[in-house]
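File shown: coords23.cif (mmCIF, C-alpha atoms).
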data_run
loop_
_atom_site.label_atom_id
_atom_site.label_comp_id
_atom_site.auth_asym_id
_atom_site.auth_seq_id
_atom_site.Cartn_x
_atom_site.Cartn_y
_atom_site.Cartn_z
CA GLY A 492 86.05 38.84 214.89
CA ILE A 493 82.67 38.67 213.22
CA LYS A 494 81.69 42.23 214.03
CA GLU A 495 84.95 43.61 212.69
CA LEU A 496 84.45 41.77 209.39
CA VAL A 497 81.48 43.85 208.38
CA LYS A 498 79.70 46.85 209.89
CA ASP A 499 76.76 47.11 207.52
CA VAL A 500 74.92 44.00 206.44
CA ASP A 501 72.94 45.97 203.86
CA PHE A 502 76.07 46.75 201.87
CA VAL A 503 77.19 43.14 202.16
CA VAL A 504 73.81 42.01 200.86
CA ILE A 505 74.35 44.33 197.88
CA ALA A 506 77.66 42.62 197.17
CA ILE A 507 76.16 39.16 197.54
CA ILE A 508 73.23 39.90 195.26
CA ALA A 509 75.56 41.55 192.76
CA ILE A 510 77.45 38.27 192.58
CA ALA A 511 74.25 36.25 192.39
CA VAL A 512 72.90 38.20 189.43
CA GLY A 513 76.03 37.47 187.44
CA ILE A 514 78.21 40.56 187.71
CA ASP A 515 81.75 39.61 186.73
CA TRP A 516 84.54 39.85 189.29
CA LYS A 517 86.13 42.99 187.83
CA LEU A 518 82.90 44.96 188.05
CA GLY A 519 82.19 43.49 191.47
CA MET A 520 85.56 44.53 192.87
CA GLY A 521 85.37 47.89 191.12
CA PHE A 522 81.95 48.39 192.68
CA VAL A 523 83.37 47.76 196.15
CA MET A 524 86.48 49.89 195.65
CA GLY A 525 84.38 52.74 194.29
CA VAL A 526 82.29 52.76 197.45
CA VAL A 527 85.35 52.52 199.67
CA PHE A 528 86.97 55.45 197.83
CA LYS A 529 83.78 57.46 198.12
CA ASP A 530 83.69 56.82 201.86
CA ILE A 531 87.34 57.84 202.27
CA LYS A 532 86.68 61.04 200.36
CA ALA A 533 83.72 61.86 202.54
CA ARG A 534 85.52 61.14 205.79
CA PHE A 535 88.89 62.75 205.13
CA LEU A 536 88.32 65.31 202.39
CA LYS A 537 84.85 66.27 203.62
CA GLY A 538 83.46 65.91 200.11
CA ASP A 539 79.73 65.92 199.57
CA GLY A 540 79.78 62.32 198.36
CA ASP A 541 77.42 62.99 195.47
CA ASP A 542 78.14 60.94 192.38
CA ASN A 543 76.49 60.76 189.00
CA ASP A 544 76.72 58.00 186.49
CA ASP A 545 75.03 56.89 183.34
CA ASP A 546 71.94 54.75 183.63
CA GLU A 547 72.61 51.05 183.39
CA ASP A 548 70.51 49.15 180.90
CA ASP A 549 68.78 45.99 182.00
CA ASP A 550 66.96 43.78 179.53
CA ASP A 551 63.72 42.51 181.02
CA GLY A 552 63.36 39.82 178.40
CA ASN A 553 61.06 41.74 176.02
CA GLY A 554 63.80 43.64 174.25
CA LYS A 555 63.18 46.85 176.17
CA LYS A 556 65.86 48.35 178.33
CA PRO A 557 64.31 50.40 181.13
CA LYS A 558 66.22 53.35 182.53
CA LEU A 559 67.66 53.11 185.98
CA LYS A 560 66.73 55.86 188.38
CA VAL A 561 69.74 56.90 190.37
CA GLY A 562 69.63 58.05 193.99
CA THR A 563 72.03 60.42 195.67
CA SER A 564 73.48 60.76 199.11
CA SER A 565 74.93 63.73 200.89
CA ARG A 566 77.73 63.52 203.44
CA ARG A 567 79.55 65.81 205.80
CA GLY A 568 82.40 64.47 207.82
CA GLY A 569 81.41 60.92 206.98
CA ARG A 570 77.81 61.12 208.28
CA ARG A 571 75.03 60.27 205.86
CA LEU A 572 72.47 63.07 205.80
CA SER A 573 70.05 61.75 203.22
CA ASP A 574 69.58 58.94 200.76
CA THR A 575 67.06 58.87 197.97
CA GLY A 576 66.74 55.77 195.86
CA VAL A 577 64.55 54.20 193.21
CA VAL A 578 60.87 54.91 193.62
CA PRO A 579 58.98 52.11 191.88
CA ASP A 580 55.85 52.97 189.91
CA THR A 581 53.86 50.53 192.01
CA PRO A 582 53.28 51.00 195.76
CA THR A 583 56.18 50.01 197.99
CA THR A 584 54.33 49.90 201.27
CA PRO A 585 54.44 46.34 202.65
CA THR A 586 51.05 44.68 202.38
CA ALA A 587 51.43 42.59 205.49
CA THR A 588 53.67 42.14 208.47
CA ALA A 589 55.47 38.88 209.06
CA GLU A 590 54.04 36.45 211.56
CA GLY A 591 55.45 36.80 215.06
CA VAL A 592 58.26 39.11 214.05
CA GLY A 593 59.22 41.35 216.93
CA ASP A 594 57.74 39.00 219.53
CA GLY A 595 61.29 38.51 220.76
CA GLU A 596 60.84 34.93 221.87
CA ILE A 597 64.61 34.78 222.12
CA LYS A 598 65.12 37.98 224.09
CA PRO A 599 67.92 40.40 223.25
CA GLU A 600 70.64 41.49 225.62
CA ASP A 601 71.24 45.24 225.91
CA ASP A 602 70.71 46.58 222.37
CA ILE A 603 71.28 43.22 220.64
CA LEU A 604 68.29 42.12 218.57
CA GLY A 605 66.47 38.92 219.40
CA SER A 606 64.89 36.31 217.14
CA PRO A 607 63.06 36.83 214.89
CA LEU A 608 63.99 40.27 213.61
CA PRO A 609 61.40 42.99 214.36
CA THR A 610 58.86 44.06 211.78
CA TRP A 611 58.65 47.46 210.10
CA PRO A 612 57.31 49.96 211.14
CA SER A 613 57.96 49.01 214.77
CA SER A 614 61.49 50.20 214.07
CA PRO A 615 62.77 52.34 211.17
CA VAL A 616 65.95 50.24 210.99
CA ASN A 617 67.08 46.72 211.79
CA CYS A 618 63.80 45.17 210.71
CA THR A 619 62.03 43.26 207.95
CA SER A 620 58.67 43.34 206.21
CA SER A 621 56.67 41.69 203.46
CA PRO A 622 56.78 43.67 200.17
CA PRO A 623 53.89 43.69 197.69
CA ALA A 624 54.45 40.89 195.19
CA ASN A 625 53.34 43.13 192.32
CA LEU A 626 56.64 45.01 192.61
CA PHE A 627 58.25 42.04 190.86
CA ARG A 628 57.78 41.49 187.15
CA VAL A 629 57.53 37.86 186.08
CA ARG A 630 56.87 35.94 182.86
CA GLY A 631 53.33 36.49 181.67
CA PRO A 632 50.87 33.85 180.37
CA THR A 633 52.02 34.32 176.74
CA TYR A 634 55.70 34.90 177.50
CA PHE A 635 56.97 32.31 175.02
CA LYS A 636 55.20 34.17 172.22
CA ASP A 637 55.64 37.83 173.11
CA LYS A 638 58.30 37.89 175.89
CA VAL A 639 56.02 40.13 177.98
CA LYS A 640 56.47 40.28 181.74
CA ILE A 641 53.73 41.25 184.16
CA PRO A 642 53.47 42.15 187.86
CA SER A 643 53.31 39.01 189.97
CA GLN A 644 50.15 38.03 191.78
CA ASP A 645 50.39 37.54 195.55
CA ALA A 646 53.30 35.42 196.77
CA LEU A 647 52.57 31.71 196.91
CA PHE A 648 53.98 31.52 200.45
CA PRO A 649 53.49 34.43 202.91
CA LEU A 650 56.47 35.64 204.91
CA ARG A 651 56.67 34.36 208.48
CA GLY A 652 59.79 36.29 209.44
CA CYS A 653 63.57 36.58 209.16
CA ASP A 654 66.66 35.99 211.27
CA LEU A 655 70.22 37.24 211.00
CA TRP A 656 72.69 35.16 212.99
CA LEU A 657 76.39 35.86 213.45
CA THR A 658 78.73 32.89 213.42
CA ASP A 659 82.20 31.99 212.17
CA ASN A 660 80.79 28.77 210.70
CA ALA A 661 77.59 29.31 208.74
CA MET A 662 75.18 26.49 209.42
CA SER A 663 73.50 24.41 206.73
CA ASP A 664 70.12 22.79 207.40
CA ILE A 665 69.60 25.66 209.83
CA ALA A 666 65.89 24.90 210.16
CA SER A 667 66.92 21.94 212.33
CA HIS A 668 68.28 24.41 214.93
CA PRO A 669 65.71 24.90 217.74
CA ASP A 670 66.22 28.68 217.96
CA MET A 671 64.95 29.58 214.49
CA LEU A 672 62.13 32.14 214.29
CA GLY A 673 62.22 32.58 218.03
CA GLY A 674 61.80 28.83 218.51
CA LYS A 675 58.48 28.85 216.61
CA LEU A 676 59.60 27.60 213.21
CA ARG A 677 58.17 24.10 213.60
CA ALA A 678 54.71 25.45 214.44
CA LYS A 679 53.95 25.60 210.70
CA GLU A 680 55.40 23.83 207.69
CA SER A 681 57.75 26.36 206.16
CA LEU A 682 59.94 27.14 203.20
CA THR A 683 63.28 28.29 204.62
CA VAL A 684 65.83 30.19 202.51
CA ASN A 685 69.25 30.30 204.14
CA PHE A 686 72.04 32.60 202.90
CA MET A 687 75.27 30.98 204.17
CA MET A 688 77.92 33.69 204.43
CA PRO A 689 81.47 33.74 205.86
CA TRP A 690 80.26 35.66 208.89
CA GLY A 691 76.79 34.25 209.49
CA ASN A 692 73.35 33.16 208.31
CA LEU A 693 70.61 35.37 206.88
CA VAL A 694 67.42 33.31 206.94
CA ALA A 695 63.89 33.96 205.64
CA TYR A 696 60.89 31.79 206.50
CA PHE A 697 57.71 31.40 204.45
CA ASP A 698 54.43 29.70 205.41
CA MET A 699 53.70 26.55 203.38
CA SER A 700 50.98 25.22 205.66
CA SER A 701 48.04 26.38 203.53
CA TYR A 702 49.41 25.24 200.18
CA THR A 703 47.22 22.85 198.18
CA PRO A 704 49.11 20.47 195.85
CA GLY A 705 48.27 21.30 192.25
CA SER A 706 47.95 25.03 192.91
CA SER A 707 51.30 25.64 191.23
CA LYS A 708 52.64 23.14 188.73
CA ALA A 709 56.00 24.90 188.73
CA TRP A 710 56.35 24.43 192.49
CA ASP A 711 55.05 20.85 192.46
CA ARG A 712 57.59 19.88 189.81
CA PHE A 713 60.31 21.72 191.70
CA LEU A 714 59.57 19.68 194.81
CA ALA A 715 59.60 16.43 192.85
CA GLY A 716 62.71 17.32 190.85
CA ASP A 717 66.28 16.34 191.52
CA GLN A 718 69.19 18.66 192.35
CA ALA A 719 69.95 19.49 188.71
CA TYR A 720 66.31 20.26 187.94
CA ARG A 721 65.94 22.57 190.92
CA ASP A 722 69.23 24.38 190.29
CA LYS A 723 68.13 25.31 186.77
CA ARG A 724 64.82 26.81 187.86
CA LEU A 725 65.24 28.63 191.16
CA LYS A 726 65.59 32.37 190.50
CA LEU A 727 66.34 35.38 192.66
CA LEU A 728 64.98 38.84 191.83
CA PRO A 729 66.29 41.79 193.91
CA VAL A 730 64.81 45.29 193.87
CA VAL A 731 66.42 48.30 195.55
CA VAL A 732 63.62 50.31 197.16
CA GLU A 733 65.84 52.95 198.75
CA GLY A 734 69.59 53.27 198.56
CA PRO A 735 72.66 54.85 197.00
CA TRP A 736 73.25 54.89 193.27
CA ILE A 737 76.04 52.32 193.53
CA ALA A 738 73.57 49.74 194.85
CA GLN A 739 71.13 50.46 192.07
CA ARG A 740 73.87 50.26 189.47
CA ALA A 741 75.03 46.90 190.80
CA ILE A 742 71.59 45.34 191.13
CA GLY A 743 69.66 47.02 188.36
CA PRO A 744 65.97 48.03 188.26
CA GLY A 745 64.69 44.58 189.18
CA ASN A 746 63.39 43.22 185.88
CA SER A 747 65.83 40.40 185.26
CA PRO A 748 66.04 37.61 187.84
CA ALA A 749 69.10 35.39 188.10
CA VAL A 750 69.17 31.60 188.15
CA ILE A 751 70.92 31.12 191.49
CA GLY A 752 72.41 27.72 190.67
CA LYS A 753 74.50 29.26 187.90
CA ALA A 754 76.31 31.56 190.34
CA LEU A 755 76.33 29.75 193.67
CA PRO A 756 76.15 26.18 195.01
CA VAL A 757 72.68 25.39 196.32
CA GLN A 758 71.75 22.72 198.86
CA TYR A 759 68.32 21.36 199.76
CA HIS A 760 67.12 19.90 203.06
CA VAL A 761 63.67 18.43 203.55
CA LYS A 762 61.87 17.31 206.67
CA LYS A 763 58.42 16.29 205.51
CA GLY A 764 55.61 18.16 207.22
CA GLU A 765 58.03 20.57 208.90
CA TYR A 766 60.26 22.42 206.43
CA PHE A 767 61.80 22.59 202.98
CA GLU A 768 65.11 24.42 203.20
CA ILE A 769 67.13 26.01 200.41
CA ASP A 770 70.73 26.83 201.31
CA LEU A 771 72.52 29.40 199.14
CA VAL A 772 76.22 28.78 199.80
CA VAL A 773 77.54 32.30 199.29
CA MET A 774 80.77 31.51 201.13
CA ALA A 775 81.71 28.99 198.44
CA SER A 776 82.25 31.81 195.94
CA SER A 777 85.80 33.12 195.83
CA VAL A 778 84.44 36.37 194.41
CA ALA A 779 82.07 36.74 197.36
CA ARG A 780 84.86 36.06 199.84
CA GLY A 781 87.05 38.68 198.17
CA ILE A 782 84.34 41.31 198.29
CA LEU A 783 83.38 40.52 201.87
CA SER A 784 87.01 40.74 202.98
CA ILE A 785 87.19 44.31 201.64
CA VAL A 786 83.96 45.52 203.19
CA LYS A 787 85.02 46.11 206.78
CA SER A 788 83.82 49.53 207.85
CA HIS A 789 81.61 51.03 205.17
CA THR A 790 78.42 52.40 206.67
CA LYS A 791 75.46 52.91 204.36
CA SER A 792 71.71 52.40 204.45
CA ILE A 793 69.60 50.50 202.01
CA THR A 794 66.15 48.99 201.80
CA ILE A 795 66.11 46.02 199.47
CA ASP A 796 63.52 43.45 198.41
CA LEU A 797 64.43 39.87 197.57
CA ALA A 798 61.98 37.61 195.75
CA PHE A 799 62.31 33.94 194.83
CA ILE A 800 60.68 32.57 191.70
CA ILE A 801 60.49 29.16 190.06
CA GLU A 802 61.15 29.64 186.36
CA GLY A 803 58.20 28.83 184.17
CA SER A 804 59.69 26.70 181.40
CA LYS A 805 56.42 25.28 180.06
CA GLU A 806 53.13 26.83 178.98
CA ASP A 807 51.25 25.31 181.93
CA GLU A 808 53.73 26.90 184.36
CA LEU A 809 52.83 30.43 183.23
CA PRO A 810 52.29 33.05 184.40
CA GLU A 811 55.12 32.86 186.88
CA ARG A 812 54.44 33.79 190.46
CA VAL A 813 56.63 34.98 193.30
CA LEU A 814 57.30 32.05 195.59
CA GLY A 815 58.14 34.21 198.60
CA ALA A 816 59.62 37.66 199.15
CA PHE A 817 61.04 39.72 201.99
CA ARG A 818 62.28 43.25 202.56
CA LEU A 819 65.36 44.22 204.58
CA HIS A 820 65.36 47.63 206.26
CA ASN A 821 68.86 48.90 207.08
CA LEU A 822 70.06 45.96 209.14
CA ASP A 823 73.09 46.39 211.39
CA PRO A 824 74.91 43.11 212.13
CA ASN A 825 76.45 44.67 215.24
CA LYS A 826 73.01 44.41 216.78
CA CYS A 827 72.32 40.84 215.67
CA PRO A 828 72.67 37.80 217.93
CA LYS A 829 75.28 35.08 217.71
CA LEU A 830 74.11 31.65 216.65
CA ARG A 831 74.08 29.29 219.60
CA LYS A 832 76.32 26.26 219.12
CA LEU A 833 74.32 23.10 219.65
CA GLU A 834 77.37 21.05 220.64
CA GLU A 835 77.82 23.26 223.70
CA GLU A 836 74.27 22.43 224.76
CA ASN A 837 74.97 18.71 224.31
CA GLU A 838 78.14 18.93 226.37
CA GLU A 839 76.21 20.53 229.24
CA GLU A 840 73.62 17.74 229.17
CA ILE A 841 76.35 15.13 229.42
#
Take the structure in this file and express it as structure tokens.
Amino acid sequence: GIKELVKDVDFVVIAIIAIAVGIDWKLGMGFVMGVVFKDIKARFLKGDGDDNDDDEDDDDGNGKKPKLKVGTSSRRGGRRLSDTGVVPDTPTTPTATAEGVGDGEIKPEDDILGSPLPTWPSSPVNCTSSPPANLFRVRGPTYFKDKVKIPSQDALFPLRGCDLWLTDNAMSDIASHPDMLGGKLRAKESLTVNFMMPWGNLVAYFDMSSYTPGSSKAWDRFLAGDQAYRDKRLKLLPVVVEGPWIAQRAIGPGNSPAVIGKALPVQYHVKKGEYFEIDLVVMASSVARGILSIVKSHTKSITIDLAFIIEGSKEDELPERVLGAFRLHNLDPNKCPKLRKLEEENEEEI
């Protein structure tokens, strides 16, 4: 079943992002097996679980290779006692909470979360928040001359909220489903980013209603572009805020975004005036499926930021700017709702 496939969505997200940022399959599988071995050692040999490794270099595009700060975790009998991860130089406190998150329009049953996911700090786990955009380094105004990256200005589109749905058949064009964002998605025109995984949909929603055409030439051209144009320019930049060293090693310090279309199939769905959806078809990757099939019972915690950026490929598209970003706080898929099948509703109406 879905819940037996994976017990910790945070670790699965690590694996997915590791694939997205271009880690080859050998490192990806080694990464997973290393964590599995570490967990076995902690559970059965009662080891302390502490590991040390060399810093992984990550070129941020200016020739400099920043050092990776490595966190540690301590275990006894398989229980995680503490986890200390990367502490960015810039503040990590979310600047704003997502709209409506935690309202629970679609009410949970027992301890199952509703839709949308709650907002930090209403809960220390199983929640989302909006990270400061200046955590993410993007191409500066003179990047083509000096290759210098700078902290992003505020995100172009504020976060409205997130959902995590469990399903055996991940849905594309999920914004067309009436349950999204607690049934409130259509209240504002939104950018929807939908991670389609073998066991469900992780969806983030961003408010486009206040955008003025011409404010971002990169975004305007992205909207007007065809599939090939969009695939070459949409980038994902992950940053591990708190988590084990293996996550930081896999993802890096967050200076080098990945062009998503080079690693995964991407689909686009547009309903003018209502939503622009980007589907990241993670389940189409054989590497992703292999990793996800291994991760069945590993239990770890991680707080991770994900930012989307349109690559500035011309002078008038610089400096780059975060399109939208969201933070995941230790989500547990066992507490997430199942996606309602619309065909069942139609059958009842007939």
Residue contacts of range 624-633 of chain A (8 Å, all atoms listed in the file) excluding same-chain residues fewer than 4 positions away, as a VMD selection string:
chain A and resid 579 581 to 583 637 to 646 728 730 745 to 746 798 803 806 809 to 813 816
Here's the selection I'm unsure about, the PyMOL selection byres ((chain A and resi 658) around 10); applied to the file above, which residues does it give, as JSON, numbers by chain?
{"A": [492, 493, 494, 655, 656, 657, 659, 660, 661, 662, 688, 689, 690, 691, 692, 828, 829, 830, 831, 832]}
Interatomic distance between CA of Glu680 in chain A and CA of Glu765 in chain A?
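Between these atoms lies a distance of 4.4 Å.
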Name every residue that the PyMOL selection byres ((chain A and resi 677) around 10) selects in this structure, writing the answer as an MDAnalysis selection string with chains first and numbers rising.
chainID A and resid 666:667 669 671:672 674:676 678:681 764:766
How many Å separate CA of Ile603 in chain A from CA of Lys826 in chain A?
4.4 Å
Find the residue from A:Leu725, A:Met774, A:Leu608, A:Ile769 that sits nearest to Val684 in chain A; use only C-alpha atoms when measuring.
A:Ile769
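Evaluated against this file, the PyMOL selection byres ((chain A and resi 731) around 7) yields Val577, Pro729, Val730, Val732, Glu733, Gly734, Gln739, Thr794, Ile795 and Asp796 of chain A.
Across the structure, CA of Tyr759 in chain A and CA of Lys723 in chain A are spaced 13.6 Å apart.
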Top pick for closest residue to Lys763 in chain A, considering A:Asn821, A:Ser700, A:Ser620, A:Ser804 and counting all atoms listed in the file:
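Of the candidates, the smallest distance to Lys763 in chain A is held by A:Ser700.
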Can you pull out the residues contacting Ser707 in chain A? Cut-off 9 Å, using all atoms listed in the file, and skip same-chain residues under 3 positions away; I want them as a PyMOL selection string.
chain A and resi 647+703-704+710-712+808+812
Quick one: of A:Cys653, A:Asn825, A:Arg740, A:Ile801, who's nearest to Ala709 in chain A, counting only C-alpha atoms?
A:Ile801
